[in-house]
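Here's the structure, in structure tokens; my notes come after.
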Amino acid sequence: MAGSEPVTSPDQHKPGHRKAGRIGAVVTAVAMLLMLCGNHEGNVENIWLIGIAVTLLVIVIGDVILRRNGLRS
């Protein structure tokens with residue numbers, strides 16, 4: 001069925017580029033913080049924008065620290 005191609009499972013495939021993911025997360029967080037300068041009146045939008053941006057940055061920083069300490073491959 002597979003012919004000459006080896007049969008592999010999805011978890012055996014190489015994951016995406018980590019550096020591109022980190023850069024994308026930081027750029028997205030900065031873009032969300034730039035959205036604070038808008039024409040909205042309420043603060044609910046501000047809370048969500050700041051919360052999601054901080055969460056993205058915490059995930060990126062946590063990933064860097066865990067990889068540096070060898071706790072994550």
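Quick note on naming: the chains in the structure tokens go A, B, ... in the order shown, residues restart at 1 in each chain, and ligands are numbered from 1 in order of appearance.
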Test item, alpha helix (DSSP H) assignment across chain A, answer as a ChimeraX atom specification: /A:18-34,44-68
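Counting only C-alpha atoms and comparing A:Met32, A:Val44, A:Leu71, A:Val7, the residue that lies closest to Leu57 (chain A) is A:Met32.
Taking CA of Asn69 (chain A) and CA of Gly24 (chain A) as the two end points, the separation is 22.9 Å.
As for CA of Ala25 (chain A) and CA of Val54 (chain A), they are spaced 10.5 Å apart.
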Residue nearest Leu56 (chain A) among A:Val30, A:Arg72, A:Cys37, A:Asn43 (counting only C-alpha atoms): A:Val30
Close residues, Ile52 (chain A) itself excluded, 10 Å, only C-alpha atoms, min 6 positions apart in chain, as number ranges by chain: A: 28-29, 32-33, 58
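Among the candidates A:His40, A:Ala53, A:Pro15, A:Ile65, the one nearest to Val27 (chain A) when counting only C-alpha atoms is A:Ala53.
A straight line drawn from CA of Ile47 (chain A) to CA of Val64 (chain A) is 25.8 Å long.
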